[in-house]
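A.B. asks: Handing you this structure, nothing more for now.
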Amino acid sequence: MNTSRVELRLPAEAAWIVDDYLAAVAACLPAGRRARQNMLAEIGDGLACAVDAHLADGAGPREAARAAVADFGDPRGLAGVLAHELAPATARWSGATLLVTGPLVGLVWVAAYRTRSANWLSNIAAVLSGVPVFQLVLLVAIPAALVAVAGPYVHGRLTLSPGLIPIAAIIATSAVVLGDATLVGTTLIHGRNISALIGAAILISVIRASLAGVAMRRIVRLRAASR
């Protein structure tokens, strides 16, 4: 985030100290750009208020800025607190995305593997029999994604530990990456005729697996930063 002096409205001698502090927090916070910018904007506003308070007490710009960042504590520690807050939210978003996109991607693959039968159940069976390991992937990914999404709401009633929510999302995203890779690999290895639908299904799975992999790495890094 660019926390410019104009945005913070701080004296030049104080602004660079605050900017350096925010840059240190950002470097330790493995979040998405938008989430990181929003959090840094809030911290920047808080720091600006703290600097103004110290200036009002008679401190010079440098002393006010140094006192303000000292009040906020070690940048790595603050980033850890923020990461702890972001991990469940990121996990919930990832789980919801998988639950929404899963049926859509599945329909594309069912259409691509369609048999002469007009029965959709027969076409679904064709996909599952063609890629047997995908059944196990579904059994793992769907419950894990549901836990990631519903976890914050059932916590307390079912004594679900909040720490399990990011873990559930990691399991779900990992299963999706494995499932999509298996679908694509099996289809190509078995030499299935590459129709337009097969090509579309492969492309969609590659994109989803890539996004799921990014989400998985982000959640893992957030959990590591929050410890």
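By convention in this document, the chains of the structure tokens carry letters A, B, ... by their order, each chain's residues are numbered from 1, and ligands are numbered from 1 in the order they are shown.
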Residues of segment 71-188 of chain A within 10 Å of segment 37-58 of chain A: nearest atom pair and distance (Å, one decimal) for each, counting only C-alpha atoms, sorted by chain and number, as JSON lines?
C.D. replies:
{"residue": "A:Asp71", "atom": "CA", "partner": "A:Ala50", "partner_atom": "CA", "distance": 8.3}
{"residue": "A:Phe72", "atom": "CA", "partner": "A:Leu47", "partner_atom": "CA", "distance": 7.9}
{"residue": "A:Leu78", "atom": "CA", "partner": "A:Ile43", "partner_atom": "CA", "distance": 9.9}
{"residue": "A:Ala79", "atom": "CA", "partner": "A:Met39", "partner_atom": "CA", "distance": 9.9}
{"residue": "A:Leu82", "atom": "CA", "partner": "A:Met39", "partner_atom": "CA", "distance": 8.0}
{"residue": "A:Leu86", "atom": "CA", "partner": "A:Met39", "partner_atom": "CA", "distance": 10.0}
A.B. asks: For a quick check of understanding, using only C-alpha atoms, which of A:Gly60, A:Pro75, A:Gly179, A:Pro11 has the smallest distance to Pro132 of chain A?
C.D. replies: A:Gly179
A.B. asks: So which residues touch Thr97 of chain A within 12 Å, counting only C-alpha atoms, skipping near sequence neighbours fewer than 3 positions away, as a VMD selection string?
C.D. replies: chain A and resid 90 to 94 100 to 105 142 145 to 146 148 to 149 169 172 to 173 176 208 211 to 212 215
A.B. asks: Which one is closest to Gly199 of chain A: A:Ala96, A:Ile219, A:Ala112, A:Ala175? Count only C-alpha atoms.
C.D. replies: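 Distance minimum relative to Gly199 of chain A lands on A:Ala112.
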A.B. asks: What separation in Å, quoted to one decimal, exists between atom CA of Val18 of chain A and atom CA of Gly77 of chain A?
C.D. replies: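 These two atoms are separated by 16.2 Å.
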A.B. asks: Ranking A:Val131, A:Arg66, A:Val108, A:Leu29 by minimum distance to Ala196 of chain A and counting only C-alpha atoms, which one comes first?
C.D. replies: A:Val108
A.B. asks: Report as a PyMOL selection string: the residues of segment 83-192 of chain A with a DSSP assignment of helix (DSSP H, G or I), based on the backbone of this structure.
C.D. replies: chain A and resi 83-112+120-130+133-154+164-189
A.B. asks: Calculate how many Å separate atom CA of Glu63 of chain A from atom CA of Ala26 of chain A, rounding to one decimal.
C.D. replies: 22.9 Å
A.B. asks: One decimal, Å: what's the distance from atom CA of Ala24 of chain A over to atom CA of Leu10 of chain A, could you say?
C.D. replies: 18.6 Å
A.B. asks: Set the distance at 8 Å and use only C-alpha atoms: which residues neighbour Ala83 of chain A once local chain neighbours fewer than 2 positions away are removed? I'd like the list as JSON, numbers by chain.
C.D. replies: {"A": [29, 30, 31, 79, 80, 81, 85, 86, 87, 222, 223, 225, 226]}
A.B. asks: Could the residues in this selection be saved with C-alpha atoms as a PDB file, in the first residue's frame?
C.D. replies:
ATOM      1  CA  LEU A  29       1.298 -10.021   6.195  1.00  0.00           C
ATOM      2  CA  PRO A  30       0.693 -12.700   3.503  1.00  0.00           C
ATOM      3  CA  ALA A  31      -2.772 -11.496   2.511  1.00  0.00           C
ATOM      4  CA  ALA A  79       0.995  -8.690  11.335  1.00  0.00           C
ATOM      5  CA  GLY A  80       0.529 -11.946  13.233  1.00  0.00           C
ATOM      6  CA  VAL A  81      -2.597 -10.602  14.923  1.00  0.00           C
ATOM      7  CA  GLU A  85      -8.052 -12.570  11.949  1.00  0.00           C
ATOM      8  CA  LEU A  86      -7.711 -13.001   8.190  1.00  0.00           C
ATOM      9  CA  ALA A  87      -7.141 -16.772   8.115  1.00  0.00           C
ATOM     10  CA  LEU A 222      -1.598 -16.826   7.096  1.00  0.00           C
ATOM     11  CA  ARG A 223      -1.625 -19.675   9.615  1.00  0.00           C
ATOM     12  CA  ALA A 225       2.260 -15.841  10.229  1.00  0.00           C
ATOM     13  CA  SER A 226      -0.334 -15.954  13.012  1.00  0.00           C
TER      14      SER A 226
END
